[in-house]
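Encoded as structure tokens, the structure appears first; notes follow it.
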Amino acid sequence: MKNKVVKVLALGLLLLPGITKAQNNNVINIETRTITAKIAPTMWGVFFEDINMGADGGIYAELVKNRSFEFFRPLMGWTVSGEKVKEGDLLILNRTPVHTANPRFLRATVRNTVAGEAGLRNEGFRGIGIKQGLRYDFSVYYRQQQPGIRLHVQLLNANGKVIGDTILTPSQQDTAWHKEAVSFHATETEAKASLQLWLEGNGTIDLDMISLFPEDTWKRRPGGMRADMIQQLADMKPGFIRFPGGCIVEGFDLSQRYQWKKTIGPVEERQLIINRWNFEFAHRPTPDYFQTFGLGFFEYFQLAEDIGAEPLPILNCGMACQFNSAELVPLDELDPYIQDALDLIEFANGDTTSTWGKVRAHMGHPAPFQLKLLGIGNENWGPQYVERLQRFTKAIRERYPDIRLVNSSGTDPEGERFDYLNKALRDMHADIIDEHYYRPPQWFLQNARRYDNYPRNGSKVFAGEYAAQSDKTVSIHNKNNWLTALSEAAFMTGLERNAAVVNMASYAPLFAHADGWQWTPDLIWVDNLRSYGTPNYYVQQLFSLNKGTAVVPVHMHNDVIAGLDSLYATAALDEKSHELIIKLVNVSDKEQGYTVQLDAKPAVRARLTVLQHDDVNTVNSFEQPGRVSPKEMEMSIPGKRFPLQLAPRSLSVLRVRL
């Protein structure tokens, strides 16, 4: 702790008056009395997609993989255990069409067995993360064809040692389906545990929805989300959360598209589908990647409410991924897709007497979710998108005129595809246009003025997916290094400066599992027990926590500061706290000296936060999660004009009370 304090103070001394280096003639002028734009509460948010094991094996805290035997290979994730298991003793049965959402189950027959002679082991999602002393809640659906079996439930560490166990004795003897649960505590911490089930006795039993959850889920909700991952989001205080993606909205073809109605209601009745990232990248095959939808649209809305973010659901517009099958719904068959959008708004906002509002209430949330934003299509393009979008827009605006619609501008921030869509959407008076950019760091530095000349009125911009690529897009060698984060910070000053145009922005993708990722870079990395924020995460967090409510002009040499002297800057007022918030990004490898000139009297003390590292190639890690992380201190302000030294390769946020 002492070393950390010394480092913080040393960094802060660069900005203290009286001991700074000689100033050059670069004066940063900030006009606090002139507001150029209001900053939307949704300015900085997060984008969630079930990629990189983001949901199953990620924020959805279920620890059993393929719990209902619905994967393409029904026993994927499971291994038969014990010498007394004979052929035909363990069978997968299918009850389609009686139960199309969850048709498969396991039928187990044993004959005078004891624990250790017949059973199944589940490997979890790249192992099961177990914490010493924590309670684990096991549950199962069962029916007894021939009573006489009880279940021994064990957690095994990586060496096969039992580190937690209990026994479940089915209490119902009839042939109807029942759910029972039992809890026990772990005796060790283990990142790569497995779940072992032994069948003891003599009889036949059907098993389905075999489940294991830790007690320490987010808000301690049974069957809920992984708390440390959600806390990382809550710590950002995002203005919105976009869900469920991303390309999984579209699907490889329309049969694999995301259908929100299949993700609500009782968990055991939600229909699993393959995840489109299961087979997308040959360099990262993930044949066990499916979507169980234990994390569905109700849970997404609930999560947004928990962390104080506006929900932004994205719906399929009748088009599959154009990089894959490019399958389309004919225009005369589009009505069911449009009805899904109308029904979703009713599900989120309708009163409890409405058809879908009643469903929400039955799930435990009678109050509306206050949905204000809705995306139509993900990364779609071309005239076929526009003609489908026109029909969605007409129907939604007639029924729900207050809902603001987010529309796609395609895959790239320039080129023929973008130019066509940008014009077509503006001609349609689109509410919000979603722009995406996965580009090298240099692109972000060069485009900090991208929105300076965009029209101030009309359609607004959502910087919906962006991340600087240290190698190249879709490369396994991309890193979340300080160079990528610093370039994003520089670009984000341009987004904030143009808040009259840009109302929303979010980095993508959000999460990645260290043992199960398909795409990099990513904002937050996790394994089965730990999580850490990248340098990019801390850039996003600093902008979000220091958003302000109104943009004010900041100039040097009578120009906006977007690359002048390797400096990027923006300034905003927080009208509630009466503070001026100055964000400064020095991308130079040298310390830079400036003079700040205000037109209002500042308080004598200010709060300074600096994110900095000399090595642009450095990254955070599980072992060193705070290698690049914010350092905070107080500093003195002598008056309206004061000197300022900026550390090399740094993002500095200065909050000054006026």
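Starting from 1 in every chain, residues are counted up; chains themselves are A, B, ... following the order of the structure tokens, and ligands are numbered from 1 as listed.
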
Could you pull the residues within 7 Å of Arg404 of chain A, counting only C-alpha atoms, minus those fewer than 5 positions along the same chain, as a list in words?
-> Lys372, Leu373, Leu374 and Asp431 of chain A

Can you tell me, as a PyMOL selection string, what residues are no more than 8 Å from segment 29-31 of chain A when counting only C-alpha atoms, ignoring any on the same chain fewer than 4 positions away? chain A and resi 552-556+571+596-599

- Task: Mind the document's chain letters and residue numbers, and return as a ChimeraX atom specification the residues of segment 299-548 of chain A that DSSP labels helix (DSSP H, G or I).
- Result: /A:299-306,331-333,335-349,355-362,383-399,416-427,441-446,482-497,535-545

Quick one: everything within 10 Å of Leu529 of chain A, counting only C-alpha atoms, minus sequence neighbours fewer than 3 positions away in the same chain. Send it as a compact mmCIF listing (two decimals) with C-alpha atoms, in the first residue's frame.
# COMPACT_ATOMS: atom_id res chain seq x y z
CA ILE A 128 -16.23 -25.69 -12.68
CA GLY A 129 -15.02 -22.86 -10.47
CA ILE A 130 -15.54 -23.75 -6.80
CA LYS A 131 -14.86 -21.57 -3.73
CA THR A 189 -11.22 -23.74 -3.81
CA GLU A 190 -10.76 -25.25 -7.26
CA ALA A 191 -10.84 -23.63 -10.72
CA LYS A 192 -11.20 -26.88 -12.66
CA ARG A 226 -22.26 -14.38 -11.64
CA ASP A 228 -18.17 -10.47 -9.89
CA VAL A 526 -12.65 -13.91 -16.86

Each segment 367-436 of chain A residue no farther than 9 Å from segment 337-356 of chain A, nearest pair in Å, only C-alpha atoms, as JSON lines:
{"residue": "A:Ala367", "atom": "CA", "partner": "A:Asp351", "partner_atom": "CA", "distance": 7.7}
{"residue": "A:Pro368", "atom": "CA", "partner": "A:Asn349", "partner_atom": "CA", "distance": 4.6}
{"residue": "A:Phe369", "atom": "CA", "partner": "A:Ala348", "partner_atom": "CA", "distance": 5.1}
{"residue": "A:Gln370", "atom": "CA", "partner": "A:Asn349", "partner_atom": "CA", "distance": 5.6}
{"residue": "A:Leu371", "atom": "CA", "partner": "A:Ala348", "partner_atom": "CA", "distance": 6.0}
{"residue": "A:Lys372", "atom": "CA", "partner": "A:Ile345", "partner_atom": "CA", "distance": 8.9}
{"residue": "A:Leu374", "atom": "CA", "partner": "A:Ile345", "partner_atom": "CA", "distance": 8.5}
{"residue": "A:Ile376", "atom": "CA", "partner": "A:Ala341", "partner_atom": "CA", "distance": 8.5}
{"residue": "A:Arg391", "atom": "CA", "partner": "A:Ile338", "partner_atom": "CA", "distance": 7.9}
{"residue": "A:Phe392", "atom": "CA", "partner": "A:Ile338", "partner_atom": "CA", "distance": 5.7}
{"residue": "A:Ala395", "atom": "CA", "partner": "A:Ile338", "partner_atom": "CA", "distance": 7.4}
{"residue": "A:Ile396", "atom": "CA", "partner": "A:Leu342", "partner_atom": "CA", "distance": 6.6}
{"residue": "A:Arg399", "atom": "CA", "partner": "A:Leu342", "partner_atom": "CA", "distance": 7.9}
{"residue": "A:Tyr400", "atom": "CA", "partner": "A:Ile345", "partner_atom": "CA", "distance": 8.3}
{"residue": "A:Ile403", "atom": "CA", "partner": "A:Ile345", "partner_atom": "CA", "distance": 8.7}

Shortest contact to Ile273 of chain A, candidates A:Asp288, A:Glu83, A:Glu575, A:Asp565, atoms counted only C-alpha atoms, goes to A:Asp288

- prompt: With only C-alpha atoms as the atoms that count, which of A:Tyr289, A:Phe279, A:Trp177, A:Tyr60 lies nearest to Tyr142 of chain A?
  reply: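 Nearest candidate to Tyr142 of chain A out of A:Tyr289, A:Phe279, A:Trp177, A:Tyr60: A:Trp177.
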
message = Let's see if you can do this: from backbone DSSP, list all strand (DSSP E or B) residues in segment 350-456 of chain A, as a list of chain:residue names.
response =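 Taking segment 350-456 of chain A and keeping strand (DSSP E or B) gives A:Leu373, A:Leu374, A:Gly375, A:Ile376, A:Arg404, A:Leu405, A:Val406, A:Asn407, A:Ser408, A:Ile432, A:Ile433, A:Asp434, A:Glu435, A:His436, A:Tyr437, A:Tyr438, A:Arg439.
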
Restrict the selected residues to C-alpha atoms and save them as a PDB file, in the first residue's frame.
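Once written, again-v4.pdb looks like this:
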ATOM      1  CA  LEU A 373     -35.045   2.330 -27.054  1.00  0.00           C
ATOM      2  CA  LEU A 374     -35.326  -0.535 -29.549  1.00  0.00           C
ATOM      3  CA  GLY A 375     -32.924  -1.715 -32.247  1.00  0.00           C
ATOM      4  CA  ILE A 376     -34.203  -3.133 -35.526  1.00  0.00           C
ATOM      5  CA  ARG A 404     -36.724   5.667 -30.278  1.00  0.00           C
ATOM      6  CA  LEU A 405     -35.471   3.237 -32.927  1.00  0.00           C
ATOM      7  CA  VAL A 406     -31.843   2.308 -33.528  1.00  0.00           C
ATOM      8  CA  ASN A 407     -30.997   1.434 -37.148  1.00  0.00           C
ATOM      9  CA  SER A 408     -27.924  -0.249 -38.634  1.00  0.00           C
ATOM     10  CA  ILE A 432     -30.489   6.818 -34.127  1.00  0.00           C
ATOM     11  CA  ILE A 433     -27.962   5.392 -36.616  1.00  0.00           C
ATOM     12  CA  ASP A 434     -25.679   2.640 -35.315  1.00  0.00           C
ATOM     13  CA  GLU A 435     -22.098   2.950 -36.604  1.00  0.00           C
ATOM     14  CA  HIS A 436     -19.428   0.267 -36.079  1.00  0.00           C
ATOM     15  CA  TYR A 437     -15.660   0.547 -36.306  1.00  0.00           C
ATOM     16  CA  TYR A 438     -13.073  -2.130 -35.627  1.00  0.00           C
ATOM     17  CA  ARG A 439      -9.914  -0.436 -36.840  1.00  0.00           C
TER      18      ARG A 439
END

task: Name all residues at most 8 Å from segment 637-641 of chain A (count only C-alpha atoms; drop same-chain ones fewer than 2 positions away) and give them as a count of residues only.
output: 15

Open item on the list: Residues near Phe622 of chain A, anyone? I mean within 8 Å using only C-alpha atoms, not counting same-chain ones fewer than 2 positions away, as an MDAnalysis selection string.
Closed with: chainID A and resid 530:532 620 624:625

Would you put the residues from that selection into a file with N, CA and C atoms, as a short mmCIF file (atom, residue, chain, number, x, y, z; two decimals), in the first residue's frame?
data_model
loop_
_atom_site.label_atom_id
_atom_site.label_comp_id
_atom_site.auth_asym_id
_atom_site.auth_seq_id
_atom_site.Cartn_x
_atom_site.Cartn_y
_atom_site.Cartn_z
N ARG A 530 -12.09 -15.80 -11.51
CA ARG A 530 -11.61 -14.43 -11.44
C ARG A 530 -12.07 -13.62 -12.64
N SER A 531 -11.99 -12.31 -12.49
CA SER A 531 -12.26 -11.40 -13.61
C SER A 531 -11.39 -10.16 -13.44
N TYR A 532 -11.06 -9.53 -14.56
CA TYR A 532 -10.30 -8.29 -14.47
C TYR A 532 -10.67 -7.38 -15.64
N ASN A 620 -3.11 -5.73 -18.87
CA ASN A 620 -3.48 -6.27 -17.57
C ASN A 620 -3.62 -7.78 -17.66
N GLN A 624 -1.77 -9.64 -12.66
CA GLN A 624 -1.55 -8.20 -12.45
C GLN A 624 -2.74 -7.42 -13.02
N PRO A 625 -3.91 -7.52 -12.39
CA PRO A 625 -5.11 -6.89 -12.93
C PRO A 625 -5.07 -5.37 -12.91
#

Using only C-alpha atoms, the residue out of A:Thr109, A:Gln271, A:Asn94, A:Gln256 with shortest distance to Glu200 of chain A is A:Thr109

Leaving out Val249 of chain A and any residue of its chain fewer than 2 positions from it, which residues lie within 9 Å of it when counting only C-alpha atoms, given as number ranges by chain? A: 243-247, 251, 256-259, 314-316, 320-321, 377-378

Any chance you can output those residues with C-alpha atoms as a compact mmCIF listing (two decimals), in the first residue's frame?
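Result written to selection-v5.txt:
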# COMPACT_ATOMS: atom_id res chain seq x y z
CA PHE A 243 -28.50 -6.95 -25.68
CA PRO A 244 -28.48 -9.77 -26.79
CA GLY A 245 -25.94 -8.84 -29.51
CA GLY A 246 -24.51 -8.75 -32.03
CA CYS A 247 -24.49 -11.31 -34.75
CA GLY A 251 -28.08 -16.17 -36.73
CA GLN A 256 -30.71 -19.86 -35.60
CA ARG A 257 -31.85 -16.27 -35.08
CA TYR A 258 -32.53 -14.97 -31.58
CA GLN A 259 -36.26 -15.19 -30.75
CA ILE A 314 -31.99 -5.53 -30.61
CA LEU A 315 -34.41 -7.61 -32.70
CA ASN A 316 -34.08 -9.57 -35.91
CA ALA A 320 -29.97 -13.64 -41.32
CA CYS A 321 -26.28 -12.78 -41.22
CA GLY A 377 -31.58 -5.34 -37.14
CA ASN A 378 -27.98 -5.74 -36.08

All residues 8 Å or closer to segment 417-427 of chain A, only C-alpha atoms, same chain fewer than 2 positions away omitted, as a CSV table (one decimal) with C-alpha atoms, in the first residue's frame:
chain,number,residue,atom,x,y,z
A,381,TRP,CA,-27.1,-3.5,-45.0
A,382,GLY,CA,-28.4,-2.9,-48.5
A,386,VAL,CA,-34.0,-0.5,-45.8
A,407,ASN,CA,-31.0,1.4,-37.1
A,408,SER,CA,-27.9,-0.2,-38.6
A,409,SER,CA,-25.4,1.5,-40.9
A,410,GLY,CA,-23.8,-1.8,-41.8
A,411,THR,CA,-20.3,-3.2,-40.9
A,412,ASP,CA,-17.9,-0.3,-41.7
A,413,PRO,CA,-17.6,3.4,-41.0
A,414,GLU,CA,-17.0,4.4,-44.6
A,415,GLY,CA,-17.4,3.1,-48.1
A,429,HIS,CA,-35.6,10.5,-40.4
A,430,ALA,CA,-34.1,7.7,-38.5
A,433,ILE,CA,-28.0,5.4,-36.6
A,458,GLY,CA,-31.8,15.2,-37.5
A,459,SER,CA,-30.6,11.6,-36.9

Margin query: Considering only C-alpha atoms, can you say which of A:Met319, A:Leu658, A:Val140, A:Met225 comes closest to Asp574 of chain A?
Written below: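 Checking each of A:Met319, A:Leu658, A:Val140, A:Met225 against Asp574 of chain A, counting only C-alpha atoms, the winner is A:Leu658.
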
Distance criterion (only C-alpha atoms): nearest to Ser566 of chain A out of A:Asn498, A:Gly308, A:Pro648, A:Leu542: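 Selected residue with least distance to Ser566 of chain A: A:Pro648.
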
In terms of only C-alpha atoms, the residue from A:Phe511, A:Phe240, A:Phe125, A:Phe323 at minimal distance from Pro311 of chain A is A:Phe240

One decimal place gives the atom CA of Lys219 of chain A-atom CA of Ser139 of chain A separation as 19.8 Å
